[in-house]
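Q: Below is coords21.csv; it holds CSV, C-alpha atoms.
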chain,number,residue,atom,x,y,z
A,1,MET,CA,0.0,0.0,0.0
A,2,SER,CA,1.4,3.4,-1.0
A,3,PRO,CA,1.4,6.4,1.3
A,4,GLU,CA,-1.2,8.1,-0.8
A,5,ASP,CA,-3.7,5.3,-0.2
A,6,THR,CA,-3.6,5.8,3.5
A,7,ASP,CA,-5.4,8.3,5.7
A,8,VAL,CA,-2.2,9.0,7.7
A,9,ASP,CA,-0.4,12.1,6.4
A,10,PRO,CA,3.3,12.6,6.6
A,11,VAL,CA,4.7,14.4,9.6
A,12,THR,CA,4.6,18.2,9.0
A,13,THR,CA,6.6,21.1,10.3
A,14,ASP,CA,5.3,24.1,12.1
A,15,ASP,CA,4.4,25.8,8.8
A,16,GLY,CA,2.2,22.9,7.7
A,17,ARG,CA,4.5,21.5,5.0
A,18,ALA,CA,6.0,18.1,4.9
A,19,PRO,CA,9.8,18.1,5.5
A,20,ARG,CA,11.9,17.4,2.5
A,21,ARG,CA,14.0,14.3,2.8
A,22,GLY,CA,16.6,14.3,0.0
A,23,GLY,CA,16.0,15.7,-3.4
A,24,ALA,CA,12.8,16.5,-5.2
A,25,LEU,CA,12.9,13.2,-7.2
A,26,ARG,CA,13.3,11.2,-4.0
A,27,SER,CA,10.4,13.0,-2.3
A,28,VAL,CA,8.2,12.3,-5.3
A,29,TYR,CA,9.2,8.6,-5.3
A,30,ARG,CA,8.5,8.3,-1.6
A,31,ALA,CA,5.2,10.3,-1.9
A,32,THR,CA,6.4,12.8,0.6
A,33,ASN,CA,6.5,15.7,-1.8
A,34,ASP,CA,4.9,19.0,-0.9
A,35,PHE,CA,5.1,21.1,-4.0
A,36,ASP,CA,3.2,24.4,-4.2
A,37,PHE,CA,1.0,23.7,-7.2
A,38,VAL,CA,-1.1,26.8,-6.5
A,39,LYS,CA,1.6,29.0,-7.9
A,40,THR,CA,1.5,27.1,-11.2
A,41,PHE,CA,-2.3,27.2,-11.7
A,42,ARG,CA,-2.4,30.4,-13.7
A,43,TRP,CA,0.7,29.6,-15.8
A,44,GLY,CA,-0.6,26.1,-16.5
A,45,LEU,CA,-3.9,27.5,-17.9
A,46,VAL,CA,-2.0,30.2,-19.9
A,47,VAL,CA,0.4,27.6,-21.5
A,48,GLY,CA,-2.6,25.3,-22.2
A,49,ALA,CA,-4.5,28.1,-23.9
A,50,ALA,CA,-1.4,29.1,-26.0
A,51,ILE,CA,-0.9,25.5,-27.1
A,52,CYS,CA,-4.6,25.2,-28.2
A,53,ALA,CA,-4.3,28.5,-30.1
A,54,ILE,CA,-1.2,27.4,-32.0
A,55,ALA,CA,-2.9,24.1,-32.9
A,56,ILE,CA,-6.0,25.9,-34.2
A,57,VAL,CA,-3.9,28.4,-36.2
A,58,SER,CA,-1.9,25.5,-37.7
A,59,LEU,CA,-5.1,23.5,-38.6
A,60,VAL,CA,-6.6,26.6,-40.3
A,61,GLY,CA,-3.5,27.6,-42.1
A,62,ARG,CA,-1.8,24.3,-43.0
A,63,GLY,CA,-4.5,21.7,-42.4
A,64,LEU,CA,-3.8,18.0,-42.0
A,65,ASN,CA,-1.9,15.6,-44.2
A,66,LEU,CA,-4.8,13.1,-44.8
A,67,SER,CA,-4.1,9.7,-46.3
A,68,ILE,CA,-6.0,8.3,-49.2
A,69,ASP,CA,-8.3,6.6,-46.7
A,70,PHE,CA,-9.9,9.9,-46.0
A,71,GLU,CA,-9.4,11.8,-49.3
A,72,GLY,CA,-9.6,9.0,-51.8
A,73,GLY,CA,-7.1,8.3,-54.6
A,74,SER,CA,-4.4,5.7,-55.4
A,75,VAL,CA,-1.1,4.8,-54.0
A,76,TRP,CA,1.7,3.1,-56.0
A,77,GLU,CA,4.8,1.4,-54.6
A,78,VAL,CA,7.7,0.4,-56.8
A,79,PRO,CA,11.3,-0.6,-56.1
A,80,SER,CA,13.5,2.5,-56.6
A,81,ASN,CA,16.5,0.7,-58.1
A,82,GLY,CA,18.5,4.0,-57.9
A,83,ALA,CA,15.6,6.3,-59.0
A,84,SER,CA,15.1,9.4,-56.9
A,85,VAL,CA,12.1,11.4,-55.8
A,86,GLU,CA,12.8,14.0,-58.5
A,87,ASP,CA,12.8,11.3,-61.2
A,88,ALA,CA,9.5,10.0,-60.0
A,89,ARG,CA,8.1,13.6,-59.9
A,90,GLU,CA,9.1,14.1,-63.6
A,91,VAL,CA,7.3,10.8,-64.5
A,92,MET,CA,4.2,12.0,-62.7
A,93,ALA,CA,4.3,15.4,-64.4
A,94,GLU,CA,4.3,13.6,-67.8
A,95,VAL,CA,0.9,12.0,-66.9
A,96,GLY,CA,-0.5,15.2,-65.6
A,97,GLU,CA,0.0,14.6,-61.8
A,98,SER,CA,2.8,17.0,-60.9
A,99,GLY,CA,1.2,17.5,-57.4
A,100,ALA,CA,1.5,13.9,-56.4
A,101,LYS,CA,3.0,13.0,-53.0
A,102,ILE,CA,6.2,11.1,-53.4
A,103,GLN,CA,8.4,9.7,-50.7
A,104,VAL,CA,11.0,6.9,-50.2
A,105,VAL,CA,10.2,4.1,-47.8
A,106,THR,CA,12.3,1.2,-46.6
A,107,ASP,CA,11.0,-2.3,-46.3
A,108,ALA,CA,11.9,-4.6,-43.4
A,109,ASP,CA,14.5,-6.3,-45.6
A,110,GLY,CA,16.1,-2.9,-46.3
A,111,THR,CA,14.8,-2.5,-49.9
A,112,GLU,CA,14.0,1.1,-50.8
A,113,ARG,CA,10.7,1.7,-52.6
A,114,LEU,CA,9.2,4.8,-54.1
A,115,ARG,CA,5.7,5.6,-52.7
A,116,VAL,CA,3.5,7.7,-54.9
A,117,GLN,CA,0.1,9.0,-53.9
A,118,ALA,CA,-2.2,10.8,-56.4
A,119,ASP,CA,-5.9,11.7,-56.6
A,120,LEU,CA,-6.7,9.2,-59.3
A,121,THR,CA,-9.4,6.6,-59.3
A,122,ASP,CA,-10.0,6.1,-63.0
A,123,PRO,CA,-8.8,2.6,-64.0
A,124,ASN,CA,-7.3,3.7,-67.3
A,125,GLU,CA,-5.4,6.6,-65.7
A,126,THR,CA,-4.1,4.5,-62.8
A,127,GLN,CA,-2.9,1.9,-65.4
A,128,ASP,CA,-0.9,4.5,-67.2
A,129,VAL,CA,0.8,5.6,-64.0
A,130,THR,CA,1.6,2.0,-63.2
A,131,VAL,CA,3.3,1.4,-66.5
A,132,ALA,CA,5.3,4.7,-66.2
A,133,LEU,CA,6.5,3.8,-62.7
A,134,ALA,CA,7.4,0.3,-63.8
A,135,ASP,CA,9.6,1.7,-66.5
A,136,LEU,CA,11.2,4.1,-64.0
A,137,GLY,CA,12.1,1.3,-61.6
A,138,GLY,CA,13.1,-1.2,-64.3
A,139,VAL,CA,10.5,-3.8,-63.3
A,140,SER,CA,7.4,-5.2,-64.8
A,141,PRO,CA,4.0,-3.6,-64.1
A,142,GLN,CA,3.0,-6.7,-62.1
A,143,GLU,CA,5.7,-5.8,-59.5
A,144,VAL,CA,4.2,-2.4,-58.9
A,145,SER,CA,1.7,-2.5,-56.0
A,146,LEU,CA,-1.5,-0.4,-56.4
A,147,GLU,CA,-4.1,0.5,-53.9
A,148,SER,CA,-7.1,2.6,-54.8
A,149,VAL,CA,-9.7,4.0,-52.4
A,150,GLY,CA,-12.9,5.9,-53.3
A,151,PRO,CA,-13.7,9.3,-51.6
A,152,SER,CA,-17.0,8.0,-50.2
A,153,TRP,CA,-15.2,5.5,-47.9
A,154,GLY,CA,-13.1,8.2,-46.3
A,155,GLU,CA,-16.1,10.4,-45.7
A,156,GLU,CA,-17.9,7.5,-44.0
A,157,ILE,CA,-14.9,7.0,-41.7
A,158,THR,CA,-14.7,10.7,-40.8
A,159,ARG,CA,-18.5,10.8,-40.1
A,160,GLN,CA,-18.3,7.7,-37.8
A,161,ALA,CA,-15.3,9.1,-36.0
A,162,LEU,CA,-17.0,12.4,-35.2
A,163,ARG,CA,-20.1,10.5,-34.1
A,164,ALA,CA,-18.1,8.3,-31.7
A,165,LEU,CA,-16.3,11.4,-30.3
A,166,ILE,CA,-19.6,13.2,-29.6
A,167,ILE,CA,-21.1,10.2,-28.0
A,168,PHE,CA,-18.0,9.7,-25.9
A,169,PHE,CA,-18.1,13.3,-24.6
A,170,VAL,CA,-21.8,13.1,-23.8
A,171,VAL,CA,-21.5,9.8,-21.9
A,172,ILE,CA,-18.5,11.0,-19.9
A,173,THR,CA,-20.2,14.3,-19.0
A,174,ILE,CA,-23.3,12.4,-17.7
A,175,TYR,CA,-21.2,9.9,-15.8
A,176,MET,CA,-18.9,12.4,-14.1
A,177,SER,CA,-21.8,14.7,-13.2
A,178,PHE,CA,-23.5,11.9,-11.3
A,179,ARG,CA,-20.4,10.2,-9.9
A,180,LEU,CA,-18.6,13.4,-8.9
A,181,GLU,CA,-20.1,16.8,-9.9
A,182,TRP,CA,-20.7,18.8,-13.0
A,183,LYS,CA,-17.8,21.2,-12.3
A,184,MET,CA,-15.4,18.3,-12.4
A,185,ALA,CA,-17.1,17.0,-15.6
A,186,VAL,CA,-16.3,20.4,-17.2
A,187,GLY,CA,-12.7,20.3,-16.1
A,188,ALA,CA,-12.3,16.8,-17.6
A,189,LEU,CA,-13.9,17.8,-20.9
A,190,VAL,CA,-11.6,20.9,-21.2
A,191,SER,CA,-8.5,18.8,-20.5
A,192,MET,CA,-9.5,16.2,-23.1
A,193,VAL,CA,-10.1,18.9,-25.7
A,194,HIS,CA,-6.7,20.3,-24.9
A,195,ASP,CA,-5.1,16.9,-25.4
A,196,LEU,CA,-6.9,16.3,-28.6
A,197,LEU,CA,-6.0,19.7,-30.0
A,198,LEU,CA,-2.4,19.3,-29.0
A,199,SER,CA,-2.1,15.9,-30.7
A,200,ILE,CA,-3.8,17.0,-33.9
A,201,GLY,CA,-1.7,20.3,-33.9
A,202,VAL,CA,1.5,18.3,-33.8
A,203,TYR,CA,0.4,16.3,-36.8
A,204,SER,CA,-0.6,19.5,-38.6
A,205,LEU,CA,2.7,21.3,-37.8
A,206,LEU,CA,4.9,18.4,-38.8
A,207,GLN,CA,2.6,17.4,-41.6
A,208,ILE,CA,2.6,13.7,-40.5
A,209,GLU,CA,0.2,11.6,-42.4
A,210,VAL,CA,-3.1,11.0,-40.7
A,211,THR,CA,-4.4,7.4,-41.2
A,212,PRO,CA,-7.2,5.4,-39.7
A,213,ALA,CA,-4.6,4.0,-37.2
A,214,THR,CA,-3.9,7.6,-36.1
A,215,LEU,CA,-7.6,8.2,-35.6
A,216,ILE,CA,-7.8,5.2,-33.3
A,217,ALA,CA,-4.9,6.5,-31.4
A,218,PHE,CA,-6.6,9.9,-30.9
A,219,LEU,CA,-9.6,8.2,-29.4
A,220,THR,CA,-7.3,6.0,-27.2
A,221,ILE,CA,-5.6,9.2,-25.9
A,222,LEU,CA,-8.9,10.5,-24.5
A,223,GLY,CA,-9.3,7.3,-22.4
A,224,TYR,CA,-5.9,7.7,-20.7
A,225,SER,CA,-6.3,11.4,-20.1
A,226,LEU,CA,-9.7,10.8,-18.5
A,227,TYR,CA,-8.2,8.1,-16.2
A,228,ASP,CA,-5.7,10.5,-14.7
A,229,THR,CA,-8.2,13.2,-14.3
A,230,ILE,CA,-10.8,11.0,-12.5
A,231,VAL,CA,-8.1,9.8,-10.1
A,232,VAL,CA,-7.2,13.4,-9.2
A,233,PHE,CA,-10.9,14.5,-8.8
A,234,ASP,CA,-11.9,11.5,-6.8
A,235,ARG,CA,-9.2,12.1,-4.3
A,236,ALA,CA,-10.1,15.9,-4.2
A,237,GLN,CA,-13.7,15.0,-3.4
A,238,GLU,CA,-12.5,12.8,-0.5
A,239,ASN,CA,-10.2,15.5,0.8
A,240,GLY,CA,-12.9,18.1,0.6
A,241,ALA,CA,-15.3,16.0,2.6
A,242,ARG,CA,-12.7,15.5,5.4
A,243,THR,CA,-11.3,19.0,5.6
A,244,VAL,CA,-12.2,21.5,8.3
A,245,ALA,CA,-14.2,24.5,7.5
A,246,LYS,CA,-12.7,27.8,6.2
A,247,THR,CA,-10.0,26.1,4.2
A,248,PRO,CA,-9.6,27.4,0.7
A,249,TYR,CA,-10.4,24.9,-2.0
A,250,ARG,CA,-7.2,25.5,-3.8
A,251,VAL,CA,-5.4,24.3,-0.6
A,252,ILE,CA,-7.4,21.1,-0.8
A,253,MET,CA,-6.5,20.7,-4.5
A,254,ASN,CA,-2.9,21.4,-3.7
A,255,LYS,CA,-2.8,18.5,-1.2
A,256,THR,CA,-4.6,16.3,-3.7
A,257,LEU,CA,-2.1,16.9,-6.5
A,258,ASN,CA,0.8,16.1,-4.1
A,259,GLN,CA,-0.9,12.9,-3.1
A,260,THR,CA,-1.7,11.7,-6.7
A,261,LEU,CA,1.5,13.0,-8.4
A,262,MET,CA,3.5,9.8,-8.0
A,263,ARG,CA,0.5,7.7,-9.2
A,264,SER,CA,0.2,9.9,-12.3
A,265,VAL,CA,4.0,9.7,-13.0
A,266,ASN,CA,4.0,5.9,-12.6
A,267,THR,CA,1.0,5.4,-14.8
A,268,THR,CA,2.4,7.7,-17.6
A,269,LEU,CA,5.8,6.2,-17.5
A,270,ALA,CA,4.5,2.6,-17.5
A,271,THR,CA,2.4,3.4,-20.6
A,272,ILE,CA,5.0,5.5,-22.5
A,273,LEU,CA,7.8,2.9,-22.2
A,274,PRO,CA,6.1,0.2,-24.3
A,275,ILE,CA,5.0,2.9,-26.8
A,276,VAL,CA,8.6,4.1,-27.2
A,277,SER,CA,9.8,0.6,-27.8
A,278,MET,CA,7.0,0.2,-30.3
A,279,LEU,CA,8.1,3.3,-32.1
A,280,VAL,CA,11.8,2.4,-32.1
A,281,VAL,CA,11.6,-1.4,-32.7
A,282,GLY,CA,8.5,-1.6,-34.7
A,283,SER,CA,8.9,1.5,-36.9
A,284,LEU,CA,12.6,2.3,-37.1
A,285,ILE,CA,14.0,-1.3,-37.0
A,286,LEU,CA,11.2,-3.4,-38.5
A,287,GLY,CA,9.9,-0.7,-40.8
A,288,ALA,CA,6.2,-1.1,-39.8
A,289,GLU,CA,4.7,2.3,-40.8
A,290,THR,CA,1.3,1.5,-39.2
A,291,LEU,CA,3.0,1.2,-35.8
A,292,GLU,CA,4.7,4.5,-36.3
A,293,GLU,CA,1.5,6.3,-37.1
A,294,PHE,CA,-0.1,4.8,-34.0
A,295,ALA,CA,2.8,5.2,-31.6
A,296,ILE,CA,3.5,8.9,-32.4
A,297,ALA,CA,-0.1,9.9,-31.6
A,298,LEU,CA,-0.1,7.9,-28.4
A,299,LEU,CA,3.2,9.3,-27.3
A,300,VAL,CA,2.2,12.9,-27.8
A,301,GLY,CA,-1.3,12.4,-26.3
A,302,LEU,CA,-0.2,10.6,-23.2
A,303,THR,CA,2.4,13.2,-22.4
A,304,SER,CA,-0.2,15.9,-22.9
A,305,GLY,CA,-2.7,14.0,-20.7
A,306,ALA,CA,-0.4,13.9,-17.8
A,307,TYR,CA,0.1,17.6,-18.1
A,308,SER,CA,-3.6,18.5,-18.5
A,309,SER,CA,-4.7,16.5,-15.5
A,310,LEU,CA,-2.4,18.5,-13.2
A,311,PHE,CA,-2.3,21.9,-14.8
A,312,ILE,CA,-5.5,22.3,-16.8
A,313,ALA,CA,-8.3,20.3,-15.1
A,314,ALA,CA,-7.3,20.9,-11.5
A,315,PRO,CA,-6.9,24.7,-11.7
A,316,LEU,CA,-10.1,25.0,-13.6
A,317,VAL,CA,-12.1,23.0,-11.0
A,318,SER,CA,-10.5,25.0,-8.2
A,319,TYR,CA,-11.6,28.3,-9.7
A,320,LEU,CA,-15.1,27.0,-10.3
A,321,LYS,CA,-15.4,25.6,-6.8
A,322,GLU,CA,-14.3,28.8,-5.1
A,323,ARG,CA,-17.4,30.5,-6.5
A,324,GLU,CA,-19.6,28.3,-4.5
A,325,PRO,CA,-21.0,29.8,-1.2
A,326,LYS,CA,-19.2,27.1,0.8
A,327,TRP,CA,-15.8,28.0,-0.5
A,328,ALA,CA,-16.4,31.7,-1.5
A,329,ASN,CA,-15.5,33.2,1.9
A,330,THR,CA,-12.4,31.0,2.6
A,331,GLY,CA,-10.0,33.4,0.9
A,332,GLY,CA,-8.4,32.9,-2.5
A,333,GLY,CA,-4.8,33.7,-1.8
A,334,ALA,CA,-1.9,31.5,-1.3
A,335,PRO,CA,-2.3,28.8,1.3
A,336,THR,CA,-1.5,30.0,4.8
A,337,PRO,CA,0.5,27.7,7.2
A,338,ALA,CA,-2.6,27.2,9.3
A,339,ALA,CA,-4.8,26.3,6.3
A,340,ALA,CA,-2.2,24.1,4.8
A,341,ALA,CA,-1.8,22.2,8.0
A,342,ALA,CA,-5.5,21.9,8.4
A,343,ALA,CA,-5.9,20.5,4.9
A,344,GLY,CA,-3.0,18.2,5.4
A,345,GLY,CA,-4.2,16.9,8.7
A,346,ALA,CA,-1.3,18.3,10.8
A,347,ILE,CA,-1.8,18.9,14.5
A,348,GLN,CA,-2.0,22.6,15.1
A,349,PRO,CA,0.2,24.0,17.9
A,350,ARG,CA,-1.7,25.4,20.9
A,351,PRO,CA,-2.1,29.2,20.9
A,352,ALA,CA,0.0,31.1,23.3
A,353,ARG,CA,-1.8,31.6,26.6
A,354,LYS,CA,-3.0,35.1,27.4
A,355,ALA,CA,-1.1,37.2,29.8
A,356,ALA,CA,-2.0,36.8,33.4
A,357,ALA,CA,-5.0,38.9,34.3
A,358,THR,CA,-3.7,39.5,37.9
A,359,ARG,CA,-0.7,41.7,38.2
A,360,ARG,CA,1.7,41.6,41.1
A,361,PRO,CA,1.2,44.2,43.7
A,362,THR,CA,3.6,47.1,43.6
A,363,GLY,CA,6.7,46.3,45.8
A,364,SER,CA,5.7,42.6,46.2
A,365,THR,CA,8.5,40.1,45.9
A,366,THR,CA,6.2,37.1,45.5
A,367,PRO,CA,6.4,35.9,41.8
A,368,ALA,CA,3.2,36.1,39.9
A,369,ALA,CA,1.2,32.9,39.4
A,370,PRO,CA,1.3,31.6,35.9
A,371,ALA,CA,-1.8,32.3,33.7
A,372,GLY,CA,-4.5,29.7,34.1
A,373,ALA,CA,-3.0,28.3,37.4
A,374,ILE,CA,-5.3,27.6,40.4
A,375,PRO,CA,-4.5,30.0,43.3
A,376,PRO,CA,-3.6,28.3,46.6
A,377,ARG,CA,-6.1,28.1,49.5
A,378,PRO,CA,-5.6,30.7,52.1
A,379,ARG,CA,-4.5,29.4,55.5
A,380,LYS,CA,-6.9,29.6,58.4
A,381,THR,CA,-5.8,31.7,61.4
A,382,ARG,CA,-6.6,30.6,65.0
A,383,LYS,CA,-8.0,33.1,67.4
A,384,LYS,CA,-6.3,33.4,70.8
A,385,ARG,CA,-8.4,32.8,73.8
Please express what this file holds, its structure, as structure tokens.
A:
Amino acid sequence: MSPEDTDVDPVTTDDGRAPRRGGALRSVYRATNDFDFVKTFRWGLVVGAAICAIAIVSLVGRGLNLSIDFEGGSVWEVPSNGASVEDAREVMAEVGESGAKIQVVTDADGTERLRVQADLTDPNETQDVTVALADLGGVSPQEVSLESVGPSWGEEITRQALRALIIFFVVITIYMSFRLEWKMAVGALVSMVHDLLLSIGVYSLLQIEVTPATLIAFLTILGYSLYDTIVVFDRAQENGARTVAKTPYRVIMNKTLNQTLMRSVNTTLATILPIVSMLVVGSLILGAETLEEFAIALLVGLTSGAYSSLFIAAPLVSYLKEREPKWANTGGGAPTPAAAAAAGGAIQPRPARKAAATRRPTGSTTPAAPAGAIPPRPRKTRKKR
């Protein structure tokens, strides 16, 4: 059982913070970290908004490099045998397709092949291109692989993907509203939109080809991002129910993020390592292009999901919660030592006792009794007979 799964908080100092034992990495590993996430709330939202703005500008200006599965057309692959991309471009210009996409790909056995993509679906035109590329590579037309896809199939895939995305958002919103609350559902939706925009923006900026495998990876990203966010919000709800009154909600969220930081790091690293191996071994060594398209999207999306859970969803929910009457009058500034200790479960030191109400008589040498002490009983005097 990890320290974050127990109700016993680490020992705190007089200012309400956990003592740092060793470096920052060691404290994170031992779940004794006490970072001040409140200071990063505003910057986290600013950076997230800037990333989304850059992604939107890139999508509007450059668009996406869609594969033939979405746009329709034909793809030819022919052994290069020394032919270059410029040679293939000249051949395509002769058949009236100077704007064709041409690249060199390498098979698993190390053979270089020319990959040509053009918006052609007519059988006669595709046959002319096949013969021309066969002559360029010095092979027979039967050795040229050809794949043709109609535009209607790509439109159907896009429509189904959008429908699945909308249904996913609606179901998640309803579930989180009943399981947690609607403010947390809003925070989760905003963080998932951030992750989706960031992943698509990277593909738009780098002009990486978007295939059906990429689309599946985008939908998978949302699941991982939602998992991290729900873990944070569930712990925040528990901490809010156990916290004393007049504690700012951002103090509660700060404690929650410190408790769940190690879990988020472990989950992200445990998922990213197989993806990196898939990208290196499957794509670079074995030459599996489908794995590359899938792995890049997952790698970008998972990294973004870990960021958005801590620095997008959590600050947004904190700002929304502090508008509620319960948390509105608790103060919105930085956590005070007393509030941090109260949220963290530390034992508050007893306040200094008030000064003694009774002063010593002037000229008296008897020391004053300490404040709160019970005065001694006066002695009885016997009367003389």
Q: Which of these residues is nearest to Trp76 (chain A), using only C-alpha atoms: A:Ser148, A:Thr303, A:Thr173, A:Asn258?
A: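 Checking each of A:Ser148, A:Thr303, A:Thr173, A:Asn258 against Trp76 (chain A), counting only C-alpha atoms, the winner is A:Ser148.
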Q: Between A:Val139, A:Ile102, A:Val202, A:Val149, which has the minimum distance to Ser74 (chain A) (counting all atoms listed in the file)?
A: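 Nearest to Ser74 (chain A): A:Val149.
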Q: Which one is closest to Ala185 (chain A): A:Pro141, A:Ala213, A:Asp34, A:Leu316? Count only C-alpha atoms.
A: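 Residue with the minimum atom-to-atom distance to Ala185 (chain A): A:Leu316.
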Q: Write out as a ChimeraX atom specification which residues come within 9 Å of Ile200 (chain A) when counting all atoms listed in the file, dropping same-chain ones fewer than 4 positions away.
A: /A:55,59,64,195-196,204-205,218,297
Q: Rank nothing, just name the residue among A:Arg235, A:Lys39, A:Lys246, A:Arg113 nearest to Val78 (chain A), using only C-alpha atoms.
A: A:Arg113
Q: Could you check the closest approach to Asp69 (chain A) for each of A:Ser225, A:Thr268, A:Gln117, A:Ser199 and tell me which residue wins, using all atoms listed in the file?
A: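 Closest to Asp69 (chain A), using all atoms listed in the file: A:Gln117.
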Q: Could you jot down the CA of Asp122 (chain A) to CA of Gly82 (chain A) separation for me, Å, one decimal place?
A: 29.0 Å
Q: Compare A:Val280, A:Ala306, A:Leu180, A:Ala50 by their minimum atom-to-atom distance to Met192 (chain A), counting all atoms listed in the file, and give me the closest one.
A: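 Checking each candidate against Met192 (chain A), we get A:Ala306 as the closest.
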Q: Work out how far apart CA of Ile252 (chain A) and CA of Phe169 (chain A) are and give it in Å to one decimal.
A: 27.2 Å
